[in-house]
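**Q** Provided herewith: run_36.txt, compact mmCIF, C-alpha atoms.
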```txt
# COMPACT_ATOMS: atom_id res chain seq x y z
CA MET K 1044 54.92 -11.95 15.30
CA GLU K 1045 53.63 -10.12 18.40
CA LYS K 1046 55.41 -10.37 21.72
CA THR K 1047 52.60 -12.44 23.26
CA ASP K 1048 52.73 -14.82 20.28
CA ILE K 1049 56.50 -15.18 20.64
CA SER K 1050 56.17 -15.79 24.37
CA ALA K 1051 53.48 -18.41 23.81
CA ALA K 1052 55.50 -20.15 21.08
CA PHE K 1053 58.61 -20.11 23.29
CA THR K 1054 56.70 -21.50 26.26
CA ALA K 1055 55.26 -24.28 24.10
CA MET K 1056 58.72 -25.08 22.71
CA LEU K 1057 60.15 -25.32 26.23
CA ALA K 1058 57.31 -27.56 27.36
CA ASP K 1059 57.77 -29.86 24.35
CA ASN K 1060 61.52 -30.18 24.95
CA GLN K 1061 61.72 -29.93 28.75
CA GLN K 1062 62.60 -33.55 29.47
CA ALA K 1063 65.32 -33.67 26.82
CA LEU K 1064 66.80 -30.43 28.17
CA VAL K 1065 66.81 -31.78 31.72
CA ARG K 1066 68.50 -35.01 30.64
CA LEU K 1067 71.09 -33.10 28.63
CA ALA K 1068 71.83 -30.73 31.53
CA ARG K 1069 72.20 -33.65 33.95
CA ARG K 1070 74.64 -35.37 31.60
CA TYR K 1071 76.84 -32.31 31.10
CA ALA K 1072 76.86 -30.84 34.62
CA GLY K 1073 77.44 -32.27 38.04
CA PRO K 1074 74.65 -33.06 40.46
CA ASP K 1075 75.07 -29.68 42.14
CA ASP K 1076 74.99 -27.47 39.03
CA TRP K 1077 72.83 -29.14 36.39
CA GLN K 1078 69.96 -26.80 37.24
CA ASP K 1079 72.20 -23.81 36.58
CA LEU K 1080 73.12 -25.30 33.21
CA LEU K 1081 69.44 -25.91 32.47
CA GLN K 1082 68.71 -22.26 33.23
CA ASP K 1083 71.60 -21.20 30.96
CA MET K 1084 70.14 -23.39 28.20
CA ARG K 1085 66.72 -21.76 28.59
CA LEU K 1086 68.28 -18.30 28.51
CA GLN K 1087 70.28 -19.07 25.38
CA LEU K 1088 67.19 -20.55 23.72
CA TRP K 1089 65.27 -17.35 24.52
CA ARG K 1090 68.05 -15.18 23.13
CA SER K 1091 68.23 -17.29 19.97
CA PHE K 1092 64.53 -18.01 19.49
CA SER K 1093 63.87 -15.18 17.05
CA GLY K 1094 66.72 -16.49 14.88
CA PHE K 1095 65.10 -19.89 14.28
CA ASP K 1096 64.56 -19.95 10.54
CA GLY K 1097 62.79 -23.27 10.08
CA ARG K 1098 65.56 -24.94 8.03
CA SER K 1099 65.51 -27.84 10.49
CA GLN K 1100 62.98 -29.30 12.88
CA LEU K 1101 62.42 -27.12 15.92
CA SER K 1102 63.50 -29.98 18.22
CA THR K 1103 66.78 -30.34 16.30
CA TRP K 1104 67.44 -26.61 16.60
CA VAL K 1105 66.62 -26.68 20.34
CA TYR K 1106 69.02 -29.55 20.86
CA ARG K 1107 71.77 -27.78 18.92
CA VAL K 1108 71.44 -24.59 20.98
CA ALA K 1109 71.25 -26.57 24.25
CA LEU K 1110 74.21 -28.76 23.32
CA ASN K 1111 76.35 -25.75 22.37
CA THR K 1112 75.44 -24.18 25.71
CA ALA K 1113 76.40 -27.39 27.52
CA LEU K 1114 79.71 -27.58 25.65
CA SER K 1115 80.45 -23.96 26.59
CA HIS K 1116 79.64 -24.88 30.18
CA LEU K 1117 82.23 -27.66 30.02
CA ARG K 1118 84.89 -25.25 28.80
CA LYS K 1119 84.48 -22.89 31.77
CA PRO K 1120 86.03 -24.79 34.68
CA ARG K 1121 87.69 -28.02 33.59
CA ARG K 1122 85.84 -30.93 35.14
CA GLU K 1123 87.70 -33.84 36.57
CA HIS K 1124 87.04 -36.98 34.55
CA VAL K 1125 86.38 -40.27 36.28
CA PRO K 1126 88.78 -42.99 35.14
CA LEU K 1127 87.06 -46.07 33.80
CA ASP K 1128 88.73 -48.32 36.35
CA ALA K 1129 87.21 -46.25 39.19
CA VAL K 1130 83.73 -47.60 38.41
CA PRO K 1131 82.98 -50.57 40.64
CA GLU K 1132 81.67 -53.73 39.03
CA ARG K 1133 79.68 -54.71 42.10
CA GLY K 1134 78.29 -52.70 44.97
CA ASP K 1135 79.39 -53.21 48.57
CA SER K 1136 76.51 -55.59 49.12
CA GLY K 1137 77.60 -57.76 46.20
CA HIS K 1138 74.66 -56.64 44.04
CA ALA K 1139 75.14 -55.23 40.57
CA VAL K 1140 75.76 -51.49 40.35
CA ASP K 1141 72.92 -49.32 39.09
CA PRO K 1142 73.16 -49.19 35.26
CA MET K 1143 72.64 -45.41 35.34
CA ASP K 1144 75.73 -45.06 37.55
CA VAL K 1145 77.71 -47.08 35.02
CA LEU K 1146 76.37 -44.95 32.16
CA ASP K 1147 77.17 -41.73 34.03
CA ALA K 1148 80.71 -42.96 34.73
CA PHE K 1149 81.20 -43.88 31.08
CA LEU K 1150 79.85 -40.53 29.90
CA ALA K 1151 82.19 -38.73 32.30
CA THR K 1152 85.19 -40.30 30.55
CA LEU K 1153 84.18 -39.10 27.09
CA GLU K 1154 85.26 -35.99 25.26
CA PRO K 1155 82.45 -33.52 24.44
CA VAL K 1156 81.62 -34.65 20.86
CA PRO K 1157 81.52 -38.40 21.53
CA ARG K 1158 79.50 -37.69 24.68
CA ALA K 1159 77.06 -35.63 22.62
CA VAL K 1160 76.73 -38.43 20.05
CA LEU K 1161 75.94 -40.97 22.75
CA VAL K 1162 73.54 -38.73 24.67
CA MET K 1163 71.58 -37.90 21.52
CA ASP K 1164 71.49 -41.57 20.53
CA LEU K 1165 70.15 -42.41 23.99
CA GLU K 1166 67.52 -39.71 23.45
CA GLY K 1167 66.36 -41.69 20.43
CA MET K 1168 67.50 -39.19 17.84
CA ALA K 1169 68.11 -40.53 14.33
CA ARG K 1170 71.67 -40.59 12.99
CA GLU K 1171 70.73 -37.91 10.45
CA GLN K 1172 69.42 -35.64 13.19
CA ILE K 1173 72.54 -36.18 15.33
CA ALA K 1174 74.68 -35.41 12.29
CA GLU K 1175 72.76 -32.19 11.65
CA VAL K 1176 73.11 -31.01 15.25
CA LEU K 1177 76.86 -31.71 15.37
CA GLY K 1178 77.74 -30.77 11.79
CA LEU K 1179 78.89 -34.30 10.95
CA SER K 1180 77.90 -36.72 8.23
CA PRO K 1181 75.54 -39.58 9.17
CA ASN K 1182 78.40 -41.99 8.37
CA ALA K 1183 80.69 -40.17 10.82
CA VAL K 1184 78.00 -40.51 13.48
CA ALA K 1185 77.69 -44.24 12.77
CA VAL K 1186 81.46 -44.69 13.05
CA ARG K 1187 81.54 -42.81 16.35
CA MET K 1188 78.68 -44.94 17.69
CA THR K 1189 80.57 -48.11 16.75
CA ARG K 1190 83.68 -46.85 18.55
CA LEU K 1191 81.63 -45.88 21.59
CA ARG K 1192 80.06 -49.35 21.75
CA GLN K 1193 83.48 -50.96 21.48
CA ALA K 1194 84.92 -48.76 24.24
CA PHE K 1195 81.95 -49.46 26.51
CA GLU K 1196 82.11 -53.21 25.90
CA GLN K 1197 85.86 -53.25 26.45
CA HIS K 1198 85.53 -51.67 29.89
CA PHE K 1199 82.11 -52.75 31.17
CA VAL K 1200 80.96 -55.97 29.54
CA GLU K 1201 82.26 -59.22 30.95
CA GLY K 1202 83.40 -62.03 28.70
```
Could you express the structure from this file as structure tokens?
**A**
Amino acid sequence: MEKTDISAAFTAMLADNQQALVRLARRYAGPDDWQDLLQDMRLQLWRSFSGFDGRSQLSTWVYRVALNTALSHLRKPRREHVPLDAVPERGDSGHAVDPMDVLDAFLATLEPVPRAVLVMDLEGMAREQIAEVLGLSPNAVAVRMTRLRQAFEQHFVEG
């Protein structure tokens, strides 16, 4: 493939997966450095693009590379996790807290693999696709999702 063809294919791949990459970067990096993580993801995708062999869907491969980059990002400086009891149930005005704040707080408490399972599930990925990205069986993904639901309900769902 010629360099212009590779560049065009890479640009199209980035455009097709841009929103998923942004969401993944925002979930794995703080509000001040998610754009740096997104740039690292793009760089790693570019470096790896010629190695895509078509054994999986391109979107699955993109997610795998991006997720591995995000996990490496987490290993650099250890982030401080938010304890579940630090998430308020009601805002100062007595109104319910924004659901995205609750989700972000829950995600911040999770270890990297369970967080990845939940983020990919929220992206609408099928269990089989999540399993392929993480190197798990579909049954293992289903078990992890059940445990994640139970943990969320235990800490955030009333009654």
**Q** Compare K:Val1156, K:Leu1117, K:Ala1055, K:Met1163 by their minimum atom-to-atom distance to Leu1101 of chain K, counting all atoms listed in the file, and give me the closest one.
**A**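 Among the listed residues, K:Ala1055 lies closest to Leu1101 of chain K.
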**Q** Report as a ChimeraX atom specification all protein, DNA and RNA residues lying within 12 Å of Ala1113 of chain K, evaluated on all atoms listed in the file, omitting residues in the same chain fewer than 4 positions from it.
**A** /K:1064-1073,1076-1085,1087,1106-1109,1117-1119,1155-1156,1158-1159
**Q** Rounded to one decimal in Å, what is the spacing between atom CA of Asn1111 of chain K and atom CA of Asp1075 of chain K?
**A**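 So the answer is 20.2 Å.
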**Q** Using all atoms listed in the file, find the one residue out of K:Leu1165, K:Ile1049, K:Ala1058, K:Leu1110 that sits nearest to Ser1093 of chain K.
**A**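 Going through K:Leu1165, K:Ile1049, K:Ala1058, K:Leu1110 one by one, the smallest distance to Ser1093 of chain K is for K:Ile1049.
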**Q** Measure the distance from atom CA of Met1056 of chain K to atom CA of Gly1094 of chain K in Å and round it to one decimal.
**A**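 So the answer is 14.1 Å.
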**Q** When you draw a straight line from atom CA of Val1105 of chain K to atom CA of Asn1060 of chain K, how long is it in Å?
**A**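 These atoms are spaced 7.7 Å apart.
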**Q** If we count only C-alpha atoms and set the cut-off at 10 Å, which residues sit around Ala1174 of chain K, ignoring sequence neighbours fewer than 4 positions away in its own chain? Please answer as a PyMOL selection string.
**A** chain K and resi 1160+1168-1170+1178-1185
**Q** So, with only C-alpha atoms as the atoms that count, which of K:Val1176, K:Leu1114, K:Ala1052, K:Val1145 lies closest to Val1200 of chain K?
**A**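 Smallest distance to Val1200 of chain K is found for K:Val1145.
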**Q** Write out N, CA and C atoms for segment 1064-1081 of chain K, as a PDB file, in the coordinates of the input.
**A**
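Now in part13.pdb:
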```pdb
ATOM      1  N   LEU K1064      65.902 -31.442  27.631  1.00  0.00           N
ATOM      2  CA  LEU K1064      66.800 -30.430  28.170  1.00  0.00           C
ATOM      3  C   LEU K1064      67.303 -30.816  29.554  1.00  0.00           C
ATOM      4  N   VAL K1065      66.414 -31.345  30.373  1.00  0.00           N
ATOM      5  CA  VAL K1065      66.810 -31.780  31.720  1.00  0.00           C
ATOM      6  C   VAL K1065      67.833 -32.912  31.621  1.00  0.00           C
ATOM      7  N   ARG K1066      67.556 -33.892  30.779  1.00  0.00           N
ATOM      8  CA  ARG K1066      68.500 -35.010  30.640  1.00  0.00           C
ATOM      9  C   ARG K1066      69.862 -34.518  30.126  1.00  0.00           C
ATOM     10  N   LEU K1067      69.843 -33.631  29.170  1.00  0.00           N
ATOM     11  CA  LEU K1067      71.090 -33.100  28.630  1.00  0.00           C
ATOM     12  C   LEU K1067      71.857 -32.331  29.707  1.00  0.00           C
ATOM     13  N   ALA K1068      71.179 -31.496  30.462  1.00  0.00           N
ATOM     14  CA  ALA K1068      71.830 -30.730  31.530  1.00  0.00           C
ATOM     15  C   ALA K1068      72.422 -31.661  32.584  1.00  0.00           C
ATOM     16  N   ARG K1069      71.701 -32.711  32.928  1.00  0.00           N
ATOM     17  CA  ARG K1069      72.200 -33.650  33.950  1.00  0.00           C
ATOM     18  C   ARG K1069      73.418 -34.416  33.452  1.00  0.00           C
ATOM     19  N   ARG K1070      73.513 -34.627  32.153  1.00  0.00           N
ATOM     20  CA  ARG K1070      74.640 -35.370  31.600  1.00  0.00           C
ATOM     21  C   ARG K1070      75.889 -34.496  31.438  1.00  0.00           C
ATOM     22  N   TYR K1071      75.705 -33.198  31.341  1.00  0.00           N
ATOM     23  CA  TYR K1071      76.840 -32.310  31.100  1.00  0.00           C
ATOM     24  C   TYR K1071      77.259 -31.505  32.327  1.00  0.00           C
ATOM     25  N   ALA K1072      76.507 -31.573  33.406  1.00  0.00           N
ATOM     26  CA  ALA K1072      76.860 -30.840  34.620  1.00  0.00           C
ATOM     27  C   ALA K1072      76.773 -31.792  35.803  1.00  0.00           C
ATOM     28  N   GLY K1073      77.460 -31.453  36.839  1.00  0.00           N
ATOM     29  CA  GLY K1073      77.440 -32.270  38.040  1.00  0.00           C
ATOM     30  C   GLY K1073      76.097 -32.186  38.747  1.00  0.00           C
ATOM     31  N   PRO K1074      75.934 -33.028  39.753  1.00  0.00           N
ATOM     32  CA  PRO K1074      74.650 -33.060  40.460  1.00  0.00           C
ATOM     33  C   PRO K1074      74.308 -31.749  41.155  1.00  0.00           C
ATOM     34  N   ASP K1075      75.325 -30.947  41.449  1.00  0.00           N
ATOM     35  CA  ASP K1075      75.070 -29.680  42.140  1.00  0.00           C
ATOM     36  C   ASP K1075      74.800 -28.513  41.201  1.00  0.00           C
ATOM     37  N   ASP K1076      75.158 -28.643  39.900  1.00  0.00           N
ATOM     38  CA  ASP K1076      74.990 -27.470  39.030  1.00  0.00           C
ATOM     39  C   ASP K1076      74.243 -27.745  37.738  1.00  0.00           C
ATOM     40  N   TRP K1077      73.576 -28.875  37.626  1.00  0.00           N
ATOM     41  CA  TRP K1077      72.830 -29.140  36.390  1.00  0.00           C
ATOM     42  C   TRP K1077      71.663 -28.176  36.227  1.00  0.00           C
ATOM     43  N   GLN K1078      71.084 -27.738  37.354  1.00  0.00           N
ATOM     44  CA  GLN K1078      69.960 -26.800  37.240  1.00  0.00           C
ATOM     45  C   GLN K1078      70.429 -25.441  36.747  1.00  0.00           C
ATOM     46  N   ASP K1079      71.648 -25.058  37.117  1.00  0.00           N
ATOM     47  CA  ASP K1079      72.200 -23.810  36.580  1.00  0.00           C
ATOM     48  C   ASP K1079      72.416 -23.925  35.078  1.00  0.00           C
ATOM     49  N   LEU K1080      72.932 -25.078  34.647  1.00  0.00           N
ATOM     50  CA  LEU K1080      73.120 -25.300  33.210  1.00  0.00           C
ATOM     51  C   LEU K1080      71.782 -25.284  32.493  1.00  0.00           C
ATOM     52  N   LEU K1081      70.774 -25.911  33.077  1.00  0.00           N
ATOM     53  CA  LEU K1081      69.440 -25.910  32.470  1.00  0.00           C
ATOM     54  C   LEU K1081      68.932 -24.480  32.312  1.00  0.00           C
TER      55      LEU K1081
END
```
